Every structure is written in C-alpha cells, then in structure tokens.
>>> print(open('protein-v4.pdb').read())   # PDB, C-alpha atoms
ATOM      1  CA  MET A   1      56.266  23.772 -72.756
ATOM      2  CA  GLY A   2      55.388  21.121 -70.158
ATOM      3  CA  VAL A   3      57.808  22.618 -67.623
ATOM      4  CA  THR A   4      56.438  26.109 -68.258
ATOM      5  CA  SER A   5      52.874  24.872 -67.766
ATOM      6  CA  MET A   6      53.854  23.224 -64.486
ATOM      7  CA  VAL A   7      55.403  26.445 -63.181
ATOM      8  CA  LEU A   8      52.331  28.453 -64.181
ATOM      9  CA  GLY A   9      50.142  25.812 -62.547
ATOM     10  CA  VAL A  10      51.867  26.301 -59.191
ATOM     11  CA  GLY A  11      50.499  29.845 -59.052
ATOM     12  CA  GLU A  12      47.116  28.974 -60.501
ATOM     13  CA  ALA A  13      46.494  25.861 -58.413
ATOM     14  CA  GLY A  14      45.006  27.557 -55.350
ATOM     15  CA  GLY A  15      42.359  29.552 -57.167
ATOM     16  CA  PHE A  16      39.735  26.969 -58.005
ATOM     17  CA  PRO A  17      40.014  24.861 -54.831
ATOM     18  CA  GLY A  18      39.574  28.079 -52.842
ATOM     19  CA  GLY A  19      36.650  29.175 -54.986
ATOM     20  CA  ILE A  20      34.848  25.829 -54.801
ATOM     21  CA  LYS A  21      35.368  25.678 -51.039
ATOM     22  CA  ALA A  22      33.949  29.197 -50.685
ATOM     23  CA  VAL A  23      30.872  28.123 -52.656
ATOM     24  CA  ALA A  24      30.465  25.086 -50.380
ATOM     25  CA  GLU A  25      30.680  27.354 -47.332
ATOM     26  CA  TRP A  26      28.253  30.000 -48.582
ATOM     27  CA  PHE A  27      25.583  28.084 -50.524
ATOM     28  CA  PRO A  28      23.292  25.114 -49.832
ATOM     29  CA  LYS A  29      23.701  22.150 -52.170
ATOM     30  CA  LYS A  30      20.791  23.094 -54.409
ATOM     31  CA  GLU A  31      22.437  26.452 -55.212
ATOM     32  CA  ARG A  32      26.082  25.378 -55.563
ATOM     33  CA  ALA A  33      26.217  24.483 -59.256
ATOM     34  CA  PHE A  34      24.617  27.816 -60.169
ATOM     35  CA  ALA A  35      27.032  29.716 -57.923
ATOM     36  CA  THR A  36      29.950  27.766 -59.380
ATOM     37  CA  GLY A  37      28.755  28.525 -62.889
ATOM     38  CA  LEU A  38      28.685  32.227 -62.079
ATOM     39  CA  PHE A  39      32.210  32.421 -60.691
ATOM     40  CA  ASN A  40      33.532  30.056 -63.356
ATOM     41  CA  ALA A  41      32.109  32.439 -65.956
ATOM     42  CA  GLY A  42      34.547  35.009 -64.595
ATOM     43  CA  THR A  43      37.433  32.969 -65.974
ATOM     44  CA  ASN A  44      35.900  33.355 -69.418
ATOM     45  CA  ILE A  45      35.843  37.119 -69.034
ATOM     46  CA  GLY A  46      39.617  36.901 -68.851
ATOM     47  CA  ALA A  47      39.603  34.682 -71.932
ATOM     48  CA  ILE A  48      37.444  37.268 -73.725
ATOM     49  CA  VAL A  49      39.658  40.193 -72.780
ATOM     50  CA  THR A  50      42.913  38.393 -73.573
ATOM     51  CA  PRO A  51      42.622  38.223 -77.381
ATOM     52  CA  LEU A  52      41.551  41.869 -77.385
ATOM     53  CA  ILE A  53      44.403  43.357 -75.340
ATOM     54  CA  VAL A  54      47.306  40.912 -75.468
ATOM     55  CA  PRO A  55      47.991  41.249 -79.219
ATOM     56  CA  GLY A  56      48.262  45.016 -78.699
ATOM     57  CA  LEU A  57      50.634  44.513 -75.758
ATOM     58  CA  VAL A  58      52.781  42.123 -77.793
ATOM     59  CA  LEU A  59      52.953  44.473 -80.767
ATOM     60  CA  ALA A  60      53.673  47.509 -78.586
ATOM     61  CA  PHE A  61      55.980  46.111 -75.896
ATOM     62  CA  GLY A  62      57.006  42.582 -76.942
ATOM     63  CA  TRP A  63      55.801  39.200 -75.728
ATOM     64  CA  GLN A  64      57.896  39.276 -72.541
ATOM     65  CA  MET A  65      56.221  42.445 -71.272
ATOM     66  CA  ALA A  66      52.786  40.990 -72.137
ATOM     67  CA  PHE A  67      53.489  38.210 -69.605
ATOM     68  CA  VAL A  68      54.686  40.707 -67.001
ATOM     69  CA  ILE A  69      51.638  42.962 -67.328
ATOM     70  CA  THR A  70      49.035  40.188 -67.315
ATOM     71  CA  GLY A  71      50.817  38.443 -64.438
ATOM     72  CA  ALA A  72      50.836  41.622 -62.378
ATOM     73  CA  LEU A  73      47.107  42.105 -62.999
ATOM     74  CA  GLY A  74      46.542  38.635 -61.587
ATOM     75  CA  LEU A  75      47.822  39.784 -58.197
ATOM     76  CA  ILE A  76      45.085  42.390 -57.768
ATOM     77  CA  TRP A  77      42.473  39.913 -56.529
ATOM     78  CA  LEU A  78      44.556  38.591 -53.608
ATOM     79  CA  PRO A  79      44.418  41.611 -51.233
ATOM     80  CA  ILE A  80      40.737  42.086 -52.109
ATOM     81  CA  TRP A  81      40.033  38.454 -51.173
ATOM     82  CA  LEU A  82      41.931  38.745 -47.888
ATOM     83  CA  LEU A  83      40.097  41.942 -46.972
ATOM     84  CA  VAL A  84      36.594  40.912 -48.019
ATOM     85  CA  TYR A  85      36.139  37.154 -47.668
ATOM     86  CA  ARG A  86      34.770  35.733 -44.426
ATOM     87  CA  ARG A  87      32.973  32.474 -43.636
ATOM     88  CA  PRO A  88      29.219  32.844 -43.072
ATOM     89  CA  ARG A  89      29.465  32.636 -39.271
ATOM     90  CA  GLU A  90      32.236  35.262 -39.324
ATOM     91  CA  GLN A  91      30.161  37.694 -41.404
ATOM     92  CA  LYS A  92      28.508  40.137 -38.985
ATOM     93  CA  LYS A  93      26.093  41.536 -41.581
ATOM     94  CA  LEU A  94      24.493  38.147 -42.188
ATOM     95  CA  SER A  95      21.032  37.765 -40.662
ATOM     96  CA  ALA A  96      19.916  34.679 -38.755
ATOM     97  CA  THR A  97      17.491  33.817 -41.558
ATOM     98  CA  GLU A  98      20.212  34.013 -44.195
ATOM     99  CA  LEU A  99      22.558  31.891 -42.097
ATOM    100  CA  ALA A 100      19.837  29.280 -41.615
ATOM    101  CA  TYR A 101      19.274  29.154 -45.376
ATOM    102  CA  ILE A 102      22.999  28.680 -46.030
ATOM    103  CA  GLU A 103      23.253  25.922 -43.419
ATOM    104  CA  GLN A 104      20.001  24.135 -44.333
ATOM    105  CA  ASP A 105      21.842  20.941 -45.323
ATOM    106  CA  PRO A 106      22.675  18.421 -42.560
ATOM    107  CA  ALA A 107      25.744  19.355 -40.543
ATOM    108  CA  ASP A 108      28.920  17.643 -41.738
ATOM    109  CA  VAL A 109      32.219  16.590 -40.221
ATOM    110  CA  VAL A 110      34.094  19.481 -38.620
ATOM    111  CA  GLU A 111      37.503  17.792 -38.306
ATOM    112  CA  LYS A 112      40.010  18.231 -41.085
ATOM    113  CA  VAL A 113      40.202  15.154 -43.315
ATOM    114  CA  LYS A 114      43.686  14.064 -44.389
ATOM    115  CA  TRP A 115      44.190  14.025 -48.142
ATOM    116  CA  THR A 116      45.697  10.522 -47.880
ATOM    117  CA  LYS A 117      42.324   9.361 -46.559
ATOM    118  CA  LEU A 118      40.567  11.099 -49.442
ATOM    119  CA  LEU A 119      42.564   8.996 -51.911
ATOM    120  CA  THR A 120      40.822   5.882 -50.580
ATOM    121  CA  VAL A 121      37.307   7.253 -51.134
ATOM    122  CA  LYS A 122      35.522   6.417 -54.379
ATOM    123  CA  GLU A 123      33.862   9.828 -54.662
ATOM    124  CA  THR A 124      37.295  11.442 -54.863
ATOM    125  CA  TRP A 125      38.049   9.357 -57.934
ATOM    126  CA  ALA A 126      34.672  10.045 -59.514
ATOM    127  CA  TYR A 127      35.515  13.728 -59.413
ATOM    128  CA  ALA A 128      39.206  13.377 -60.259
ATOM    129  CA  LEU A 129      38.696  11.043 -63.230
ATOM    130  CA  GLY A 130      35.972  13.342 -64.517
ATOM    131  CA  LYS A 131      38.486  16.195 -64.406
ATOM    132  CA  PHE A 132      41.126  13.985 -66.040
ATOM    133  CA  LEU A 133      38.794  13.439 -68.990
ATOM    134  CA  ILE A 134      37.318  16.912 -69.522
ATOM    135  CA  ASP A 135      40.008  19.396 -68.465
ATOM    136  CA  PRO A 136      42.291  18.492 -71.404
ATOM    137  CA  ILE A 137      39.495  19.423 -73.795
ATOM    138  CA  TRP A 138      39.173  22.922 -72.351
ATOM    139  CA  TRP A 139      42.940  23.402 -72.401
ATOM    140  CA  MET A 140      43.002  22.179 -75.982
ATOM    141  CA  PHE A 141      40.484  24.872 -76.922
ATOM    142  CA  LEU A 142      42.451  27.544 -75.062
ATOM    143  CA  PHE A 143      45.793  26.606 -76.585
ATOM    144  CA  TRP A 144      44.990  25.365 -80.091
ATOM    145  CA  LEU A 145      42.041  27.519 -81.208
ATOM    146  CA  PRO A 146      44.191  30.401 -82.529
ATOM    147  CA  ASP A 147      46.267  27.891 -84.484
ATOM    148  CA  PHE A 148      43.140  26.194 -85.853
ATOM    149  CA  LEU A 149      41.578  29.495 -86.888
ATOM    150  CA  GLY A 150      44.843  30.651 -88.441
ATOM    151  CA  LYS A 151      45.505  27.519 -90.469
ATOM    152  CA  THR A 152      41.898  26.968 -91.522
ATOM    153  CA  TYR A 153      40.631  30.497 -92.123
ATOM    154  CA  GLY A 154      43.803  32.573 -92.449
ATOM    155  CA  LEU A 155      43.366  34.579 -89.245
ATOM    156  CA  ASP A 156      46.375  36.115 -87.512
ATOM    157  CA  LEU A 157      47.283  37.939 -84.306
ATOM    158  CA  LYS A 158      45.308  41.002 -85.408
ATOM    159  CA  THR A 159      42.147  39.236 -86.610
ATOM    160  CA  PHE A 160      41.395  36.191 -84.424
ATOM    161  CA  GLY A 161      40.093  38.383 -81.560
ATOM    162  CA  PRO A 162      36.376  38.627 -82.549
ATOM    163  CA  PRO A 163      35.907  34.862 -83.173
ATOM    164  CA  LEU A 164      37.556  34.021 -79.853
ATOM    165  CA  VAL A 165      35.444  36.607 -78.043
ATOM    166  CA  ALA A 166      32.304  35.056 -79.539
ATOM    167  CA  ILE A 167      33.369  31.565 -78.450
ATOM    168  CA  TYR A 168      34.097  32.611 -74.888
ATOM    169  CA  LEU A 169      30.881  34.605 -74.624
ATOM    170  CA  LEU A 170      29.045  31.396 -75.501
ATOM    171  CA  SER A 171      31.155  29.669 -72.846
ATOM    172  CA  ASP A 172      29.901  32.144 -70.250
ATOM    173  CA  ILE A 173      26.308  31.393 -71.216
ATOM    174  CA  GLY A 174      26.989  27.683 -70.837
ATOM    175  CA  SER A 175      28.686  28.125 -67.481
ATOM    176  CA  VAL A 176      25.802  30.057 -65.947
ATOM    177  CA  GLY A 177      23.126  28.069 -67.782
ATOM    178  CA  GLY A 178      24.488  24.660 -66.796
ATOM    179  CA  GLY A 179      24.693  25.642 -63.150
ATOM    180  CA  TRP A 180      21.239  27.202 -63.253
ATOM    181  CA  LEU A 181      19.637  24.159 -64.896
ATOM    182  CA  SER A 182      20.602  21.603 -62.252
ATOM    183  CA  SER A 183      19.603  24.044 -59.504
ATOM    184  CA  ARG A 184      16.271  24.529 -61.275
ATOM    185  CA  PHE A 185      15.761  20.771 -61.427
ATOM    186  CA  MET A 186      16.443  20.491 -57.691
ATOM    187  CA  HIS A 187      14.072  23.341 -56.857
ATOM    188  CA  GLY A 188      11.455  21.364 -58.804
ATOM    189  CA  GLY A 189      11.899  18.396 -56.488
ATOM    190  CA  MET A 190      14.436  16.330 -58.430
ATOM    191  CA  SER A 191      17.117  14.531 -56.431
ATOM    192  CA  ILE A 192      20.629  15.965 -56.457
ATOM    193  CA  ASN A 193      21.921  12.822 -58.177
ATOM    194  CA  LYS A 194      19.401  13.006 -60.996
ATOM    195  CA  ALA A 195      19.578  16.793 -61.406
ATOM    196  CA  ARG A 196      23.350  16.869 -61.723
ATOM    197  CA  LYS A 197      23.594  13.911 -64.078
ATOM    198  CA  ILE A 198      20.753  14.904 -66.385
ATOM    199  CA  THR A 199      22.297  18.352 -66.718
ATOM    200  CA  MET A 200      25.714  16.837 -67.444
ATOM    201  CA  LEU A 201      24.132  14.525 -70.029
ATOM    202  CA  ILE A 202      22.522  17.476 -71.819
ATOM    203  CA  CYS A 203      25.872  19.283 -71.840
ATOM    204  CA  ALA A 204      27.708  16.164 -73.058
ATOM    205  CA  LEU A 205      25.298  15.803 -75.978
ATOM    206  CA  CYS A 206      25.745  19.467 -76.896
ATOM    207  CA  ALA A 207      29.494  18.837 -77.245
ATOM    208  CA  VAL A 208      29.060  16.034 -79.817
ATOM    209  CA  PRO A 209      28.735  18.287 -82.931
ATOM    210  CA  VAL A 210      32.280  19.614 -82.377
ATOM    211  CA  ALA A 211      33.478  16.405 -84.066
ATOM    212  CA  PHE A 212      32.573  18.123 -87.356
ATOM    213  CA  ALA A 213      34.087  21.548 -86.585
ATOM    214  CA  ALA A 214      37.097  21.033 -88.844
ATOM    215  CA  GLU A 215      34.748  20.429 -91.787
ATOM    216  CA  ALA A 216      32.722  23.639 -91.307
ATOM    217  CA  SER A 217      32.210  25.494 -94.561
ATOM    218  CA  ASN A 218      32.926  28.948 -93.146
ATOM    219  CA  LEU A 219      34.493  30.685 -90.164
ATOM    220  CA  TRP A 220      31.337  31.604 -88.272
ATOM    221  CA  LEU A 221      29.778  28.174 -88.633
ATOM    222  CA  ALA A 222      32.954  26.770 -87.058
ATOM    223  CA  VAL A 223      32.764  29.424 -84.337
ATOM    224  CA  GLY A 224      29.159  28.426 -83.608
ATOM    225  CA  ILE A 225      29.964  24.711 -83.378
ATOM    226  CA  ILE A 226      33.031  25.253 -81.204
ATOM    227  CA  GLY A 227      31.217  27.840 -79.081
ATOM    228  CA  LEU A 228      28.438  25.319 -78.417
ATOM    229  CA  ALA A 229      31.074  22.790 -77.313
ATOM    230  CA  THR A 230      32.836  25.252 -75.024
ATOM    231  CA  ALA A 231      29.471  26.262 -73.543
ATOM    232  CA  ALA A 232      28.746  22.568 -72.984
ATOM    233  CA  HIS A 233      32.121  22.136 -71.298
ATOM    234  CA  GLN A 234      31.465  24.971 -68.882
ATOM    235  CA  GLY A 235      27.966  23.741 -68.050
ATOM    236  CA  PHE A 236      29.285  20.225 -67.467
ATOM    237  CA  SER A 237      32.186  21.613 -65.459
ATOM    238  CA  ALA A 238      29.923  23.712 -63.209
ATOM    239  CA  ASN A 239      28.089  20.553 -62.165
ATOM    240  CA  LEU A 240      31.251  18.493 -61.830
ATOM    241  CA  TYR A 241      32.792  21.199 -59.633
ATOM    242  CA  ALA A 242      29.732  20.921 -57.398
ATOM    243  CA  LEU A 243      30.351  17.203 -56.759
ATOM    244  CA  PRO A 244      32.903  17.634 -53.926
ATOM    245  CA  GLY A 245      30.572  20.000 -52.068
ATOM    246  CA  ASP A 246      27.645  17.645 -52.663
ATOM    247  CA  VAL A 247      29.210  14.572 -51.072
ATOM    248  CA  PHE A 248      32.165  15.716 -48.918
ATOM    249  CA  PRO A 249      32.283  17.719 -45.693
ATOM    250  CA  ARG A 250      33.249  21.333 -46.234
ATOM    251  CA  SER A 251      36.635  20.785 -44.614
ATOM    252  CA  ALA A 252      37.571  18.310 -47.360
ATOM    253  CA  VAL A 253      36.243  20.131 -50.430
ATOM    254  CA  GLY A 254      39.397  22.126 -51.206
ATOM    255  CA  SER A 255      41.596  19.021 -50.993
ATOM    256  CA  VAL A 256      39.326  16.993 -53.288
ATOM    257  CA  VAL A 257      39.247  19.818 -55.829
ATOM    258  CA  GLY A 258      43.043  19.995 -55.662
ATOM    259  CA  ILE A 259      43.378  16.261 -56.330
ATOM    260  CA  GLY A 260      41.036  16.604 -59.296
ATOM    261  CA  GLY A 261      43.002  19.577 -60.563
ATOM    262  CA  MET A 262      46.190  17.510 -60.477
ATOM    263  CA  LEU A 263      44.651  14.730 -62.566
ATOM    264  CA  GLY A 264      43.191  17.316 -64.922
ATOM    265  CA  ALA A 265      46.679  18.748 -65.425
ATOM    266  CA  ILE A 266      48.065  15.281 -66.166
ATOM    267  CA  GLY A 267      45.316  14.781 -68.721
ATOM    268  CA  GLY A 268      46.144  18.171 -70.195
ATOM    269  CA  MET A 269      49.772  17.172 -70.701
ATOM    270  CA  ALA A 270      48.661  13.972 -72.442
ATOM    271  CA  MET A 271      46.278  15.937 -74.661
ATOM    272  CA  ALA A 272      49.030  18.380 -75.639
ATOM    273  CA  LYS A 273      51.216  15.456 -76.722
ATOM    274  CA  TYR A 274      48.347  13.855 -78.636
ATOM    275  CA  ALA A 275      47.359  17.065 -80.412
ATOM    276  CA  GLY A 276      50.941  17.789 -81.416
ATOM    277  CA  TYR A 277      51.382  14.242 -82.737
ATOM    278  CA  VAL A 278      48.138  14.343 -84.745
ATOM    279  CA  LEU A 279      48.918  17.708 -86.306
ATOM    280  CA  GLU A 280      52.452  16.629 -87.188
ATOM    281  CA  LYS A 281      51.552  13.220 -88.632
ATOM    282  CA  ILE A 282      48.057  13.783 -90.040
ATOM    283  CA  GLY A 283      47.838  17.553 -90.362
ATOM    284  CA  THR A 284      44.139  17.887 -89.525
ATOM    285  CA  TYR A 285      42.176  18.786 -86.402
ATOM    286  CA  THR A 286      39.431  16.227 -87.058
ATOM    287  CA  PRO A 287      40.797  13.450 -84.762
ATOM    288  CA  ILE A 288      41.328  16.023 -82.002
ATOM    289  CA  PHE A 289      37.772  17.307 -82.291
ATOM    290  CA  ILE A 290      36.434  13.731 -82.276
ATOM    291  CA  VAL A 291      38.137  13.177 -78.915
ATOM    292  CA  ALA A 292      36.629  16.449 -77.670
ATOM    293  CA  ALA A 293      33.170  15.367 -78.845
ATOM    294  CA  SER A 294      33.246  12.065 -76.956
ATOM    295  CA  ALA A 295      35.098  13.048 -73.766
ATOM    296  CA  TYR A 296      32.052  14.335 -71.869
ATOM    297  CA  LEU A 297      29.888  11.274 -72.462
ATOM    298  CA  ILE A 298      32.779   9.063 -71.341
ATOM    299  CA  ALA A 299      33.363  11.240 -68.278
ATOM    300  CA  LEU A 300      29.687  11.062 -67.294
ATOM    301  CA  LEU A 301      29.721   7.275 -67.707
ATOM    302  CA  VAL A 302      32.800   6.988 -65.477
ATOM    303  CA  ILE A 303      31.272   9.262 -62.832
ATOM    304  CA  HIS A 304      28.014   7.298 -62.852
ATOM    305  CA  LEU A 305      29.736   3.912 -62.625
ATOM    306  CA  ILE A 306      31.794   5.036 -59.629
ATOM    307  CA  THR A 307      28.977   6.948 -57.915
ATOM    308  CA  PRO A 308      25.592   5.589 -59.052
ATOM    309  CA  LYS A 309      24.038   7.754 -56.336
ATOM    310  CA  TYR A 310      25.284  10.956 -54.761
ATOM    311  CA  GLU A 311      25.684   9.967 -51.130
ATOM    312  CA  LEU A 312      27.791  11.424 -48.359
ATOM    313  CA  ALA A 313      31.345  10.151 -48.737
ATOM    314  CA  LYS A 314      32.528   7.890 -45.914
ATOM    315  CA  VAL A 315      35.524   9.811 -44.642
TER     316      VAL A 315
END
>>> encode(input="protein-v4.pdb", output="structure tokens")
Amino acid sequence: MGVTSMVLGVGEAGGFPGGIKAVAEWFPKKERAFATGLFNAGTNIGAIVTPLIVPGLVLAFGWQMAFVITGALGLIWLPIWLLVYRRPREQKKLSATELAYIEQDPADVVEKVKWTKLLTVKETWAYALGKFLIDPIWWMFLFWLPDFLGKTYGLDLKTFGPPLVAIYLLSDIGSVGGGWLSSRFMHGGMSINKARKITMLICALCAVPVAFAAEASNLWLAVGIIGLATAAHQGFSANLYALPGDVFPRSAVGSVVGIGGMLGAIGGMAMAKYAGYVLEKIGTYTPIFIVAASAYLIALLVIHLITPKYELAKV
C-alpha cells in the first residue's frame, strides 16, 4: 500500500504547491487564507462525489475500471489551467486598481530561491512540521472512515455514501469558514500573526471532541463529531497553507509547500502503520481518534515555538 501511495503521490504532488503559489500571486496576505479555503473546499467536492459514484462504478465495471475512469477525469483540469491561468501582470483584463490591490503588500524577492536554502530557514520547518502533524489525520479520515462506519454501524459499499457526504460537506464549511475567519480578523485590524494563530486555535479546539467518536451512541452522532473534526482540520489547514505566502517571497512559495507536502506524506505513512497496528492489536478506533483530537493543538504549539511572530523569512 505504501508503494501505491507513493506512485499516486507523484501525480498529485504538483497540485497543491501550484494552487498555493497561485493564491500568493493573486491575493494580498489578508485574503489568502480565505482564498485557500475556497479552493481547498474543491477537494472535498471530489470526496463528496466519490462515495456516490465510485461504488456504482465498482459494481458495474469492477474496481480496476473505477481507477481508470476517475484517473482520466483528473486530467481534465490540466488543459483548462494551461489555457486560463495567467499571473496578474500577464492578465490583460485586470485594471490598474485591481492590480494595485493584489500587490498592496511590500514587494518581495524576485530571484528564485534554491530549495536547499529553504531547508535552513526556520519558517520552512514551522510549515513542514505542521503538515507532518496534521496531514496524517486527514488521510486517516479519508482511508479509515468507511472501515470505521462498516465495523461500528454495519454500513457497506452501498450504504456508507450519505454519512460520508455529510462529513465532507461539513469539511467544506470548515475550509471556507476557517479561511474567512482569519481574513475577517485581519480586516478588523488584527495582526497576521494573531489572526492566523487564533483561528488555528479555535479549529484545534473543535477537533478535540473526536476523541470520543468511537463511543458515540448512534451513527449520526458519530457523523456529527467526526464532521466537526474534519471541518476543524480544513479550517486549520487553510491557515497553515497561507503561512508560506505570508512569510516567503512568491518565488519560494511552491517549493516550501512541496517540502511540507513531503513531510505530510511521511507522517501519513507513519499514521497508516499506527492505525493498522492499533486495529490489529486492540481492535478499537479510540486510540486513533485520541491522536486525531490532540494533533492540531500540538501542531499549533510547534508552529508557535518555531515562529512566535510571522515575519518575512530571511532567504
């Protein structure tokens, strides 16, 4: 499974660094978390659609063809991106006022920053270690939720669709809401450091109840608790994704996001091993959900200790 995940990751790896860099190019700092939350919510639309259409594809054509069809659909966005996307100064329809709004933050370094240099900068590690701690939780939800719902509430391939849709709809709300909240704080005069971290703290606290998800008395109570945690993850993630654009020059944002994505993948592999071990030896999801409940508070603490203040990285 690890090898398969690595191969899939090769194709997926460029998406989020490209998306975060586009946000950094097109939005001032006070709007970036909200913009990130909006595009990150798009990933949840895929997660919502998947449990609705993939079971039908598997039953009709077999699991191999389900991979082929969904993989082919993933190629549709590439030509659209190449045809449509342009940097602000390359977009002829952009007015001078709009361009000034986009570029309202102080000008940053134009030269390309080597990724080896980025590894020596503390802000890179604040972001990357945050990803290392929270990405495995999201992957755990994506991978293990059908198994949890099946073992705990007797759901199967035909019936776990509605609960998963509900969970990922809540995730979308959290993604947009978390990005909006820190932007709202900044519009109200709060510093970028305080706005981001207060929003991440709120999201981290909202994830704590998931520690009790395995003890929920009924399916929809469990769905509500887990949905709150996934919403909290997406809100936290929207603000964490904004960190590279907040402190790095635009030319370095994609590389920093890529480094963070690599550490997140390593954390995901560790989480997969841990979850498998717990389920084999203990047979309950409670220890896994306890880790999920605490990961965001730990991640915020690590980020704050490394970067007590959001300042421009010295690259």
>>> resolve_selection(input="protein-v4.pdb", expression="the PyMOL selection byres ((chain A and resi 194) around 12)", output="list in words")
Leu181, Ser182, Ser183, Arg184, Phe185, Met186, Gly188, Gly189, Met190, Ser191, Ile192, Asn193, Ala195, Arg196, Lys197, Ile198, Thr199, Met200, Leu201, Asn239, His304, Thr307, Pro308, Lys309 and Tyr310 of chain A
>>> residues_near_point(input="protein-v4.pdb", point="(47.7, 13.8, -75.5)", cutoff="12 Å", atoms="all atoms listed in the file", output="list of chain:residue names")
A:Gly2, A:Phe132, A:Leu133, A:Asp135, A:Pro136, A:Ile137, A:Trp139, A:Met140, A:Ala265, A:Ile266, A:Gly267, A:Gly268, A:Met269, A:Ala270, A:Met271, A:Ala272, A:Lys273, A:Tyr274, A:Ala275, A:Gly276, A:Tyr277, A:Val278, A:Leu279, A:Pro287, A:Ile288, A:Val291, A:Ala292
>>> write_last_selection(input="protein-v4.pdb", atoms="C-alpha atoms", output="PDB file, in the frame of the given file")
ATOM      1  CA  GLY A   2      55.388  21.121 -70.158  1.00  0.00           C
ATOM      2  CA  PHE A 132      41.126  13.985 -66.040  1.00  0.00           C
ATOM      3  CA  LEU A 133      38.794  13.439 -68.990  1.00  0.00           C
ATOM      4  CA  ASP A 135      40.008  19.396 -68.465  1.00  0.00           C
ATOM      5  CA  PRO A 136      42.291  18.492 -71.404  1.00  0.00           C
ATOM      6  CA  ILE A 137      39.495  19.423 -73.795  1.00  0.00           C
ATOM      7  CA  TRP A 139      42.940  23.402 -72.401  1.00  0.00           C
ATOM      8  CA  MET A 140      43.002  22.179 -75.982  1.00  0.00           C
ATOM      9  CA  ALA A 265      46.679  18.748 -65.425  1.00  0.00           C
ATOM     10  CA  ILE A 266      48.065  15.281 -66.166  1.00  0.00           C
ATOM     11  CA  GLY A 267      45.316  14.781 -68.721  1.00  0.00           C
ATOM     12  CA  GLY A 268      46.144  18.171 -70.195  1.00  0.00           C
ATOM     13  CA  MET A 269      49.772  17.172 -70.701  1.00  0.00           C
ATOM     14  CA  ALA A 270      48.661  13.972 -72.442  1.00  0.00           C
ATOM     15  CA  MET A 271      46.278  15.937 -74.661  1.00  0.00           C
ATOM     16  CA  ALA A 272      49.030  18.380 -75.639  1.00  0.00           C
ATOM     17  CA  LYS A 273      51.216  15.456 -76.722  1.00  0.00           C
ATOM     18  CA  TYR A 274      48.347  13.855 -78.636  1.00  0.00           C
ATOM     19  CA  ALA A 275      47.359  17.065 -80.412  1.00  0.00           C
ATOM     20  CA  GLY A 276      50.941  17.789 -81.416  1.00  0.00           C
ATOM     21  CA  TYR A 277      51.382  14.242 -82.737  1.00  0.00           C
ATOM     22  CA  VAL A 278      48.138  14.343 -84.745  1.00  0.00           C
ATOM     23  CA  LEU A 279      48.918  17.708 -86.306  1.00  0.00           C
ATOM     24  CA  PRO A 287      40.797  13.450 -84.762  1.00  0.00           C
ATOM     25  CA  ILE A 288      41.328  16.023 -82.002  1.00  0.00           C
ATOM     26  CA  VAL A 291      38.137  13.177 -78.915  1.00  0.00           C
ATOM     27  CA  ALA A 292      36.629  16.449 -77.670  1.00  0.00           C
TER      28      ALA A 292
END
>>> closest_residue(input="protein-v4.pdb", among="A:Ile134, A:Leu305, A:Ala238, A:Ala213", to="Phe34 in chain A", atoms="only C-alpha atoms")
A:Ala238
>>> closest_residue(input="protein-v4.pdb", among="A:Gly283, A:Gly260, A:Pro146, A:Pro163", to="Ala126 in chain A", atoms="all atoms listed in the file")
A:Gly260
>>> atom_distance(input="protein-v4.pdb", atom1="CA of Val165 in chain A", atom2="CA of Glu215 in chain A")
21.2 Å
>>> residues_near_point(input="protein-v4.pdb", point="(32.7, 27.0, -82.3)", cutoff="8 Å", atoms="all atoms listed in the file", output="list in words")
Ile167, Val210, Ala213, Trp220, Leu221, Ala222, Val223, Gly224, Ile225, Ile226, Gly227, Leu228, Ala229 and Thr230 of chain A
>>> closest_residue(input="protein-v4.pdb", among="A:Val54, A:Ala128, A:Leu118, A:Leu59", to="Met262 in chain A", atoms="all atoms listed in the file")
A:Ala128
>>> resolve_selection(input="protein-v4.pdb", expression="the PyMOL selection byres ((chain A and resi 232) around 9)", output="ChimeraX atom specification")
/A:171,174-175,178,200,202-207,227-231,233-237,296
>>> closest_residue(input="protein-v4.pdb", among="A:Ala66, A:Trp138, A:Tyr241, A:Thr152", to="Ala214 in chain A", atoms="only C-alpha atoms")
A:Thr152
>>> resolve_selection(input="protein-v4.pdb", expression="the PyMOL selection byres ((chain A and resi 88) around 9)", output="list of chain:residue names")
A:Glu25, A:Trp26, A:Arg86, A:Arg87, A:Arg89, A:Glu90, A:Gln91, A:Lys92, A:Leu94, A:Leu99, A:Ile102
>>> closest_residue(input="protein-v4.pdb", among="A:Pro209, A:Leu243, A:Ser294, A:Lys281", to="Trp125 in chain A", atoms="only C-alpha atoms")
A:Leu243
>>> build_atoms(input="protein-v4.pdb", residues="range 53-61 of chain A", atoms="N, CA, C and O atoms", output="compact mmCIF listing (two decimals), keeping the file's coordinate frame")
# COMPACT_ATOMS: atom_id res chain seq x y z
N ILE A 53 43.35 42.46 -75.82
CA ILE A 53 44.40 43.36 -75.34
C ILE A 53 45.81 42.80 -75.49
O ILE A 53 46.75 43.57 -75.69
N VAL A 54 45.96 41.47 -75.42
CA VAL A 54 47.31 40.91 -75.47
C VAL A 54 47.99 41.14 -76.81
O VAL A 54 49.19 41.48 -76.84
N PRO A 55 47.30 40.95 -77.96
CA PRO A 55 47.99 41.25 -79.22
C PRO A 55 48.55 42.67 -79.26
O PRO A 55 49.66 42.90 -79.74
N GLY A 56 47.78 43.64 -78.73
CA GLY A 56 48.26 45.02 -78.70
C GLY A 56 49.48 45.17 -77.80
O GLY A 56 50.43 45.89 -78.14
N LEU A 57 49.47 44.47 -76.65
CA LEU A 57 50.63 44.51 -75.76
C LEU A 57 51.86 43.91 -76.42
O LEU A 57 52.97 44.44 -76.30
N VAL A 58 51.65 42.79 -77.12
CA VAL A 58 52.78 42.12 -77.79
C VAL A 58 53.37 43.02 -78.87
O VAL A 58 54.59 43.18 -78.98
N LEU A 59 52.48 43.62 -79.67
CA LEU A 59 52.95 44.47 -80.77
C LEU A 59 53.62 45.74 -80.24
O LEU A 59 54.57 46.25 -80.85
N ALA A 60 53.14 46.25 -79.12
CA ALA A 60 53.67 47.51 -78.59
C ALA A 60 54.92 47.32 -77.72
O ALA A 60 55.86 48.12 -77.80
N PHE A 61 54.91 46.25 -76.89
CA PHE A 61 55.98 46.11 -75.90
C PHE A 61 56.77 44.81 -75.99
O PHE A 61 57.75 44.63 -75.27
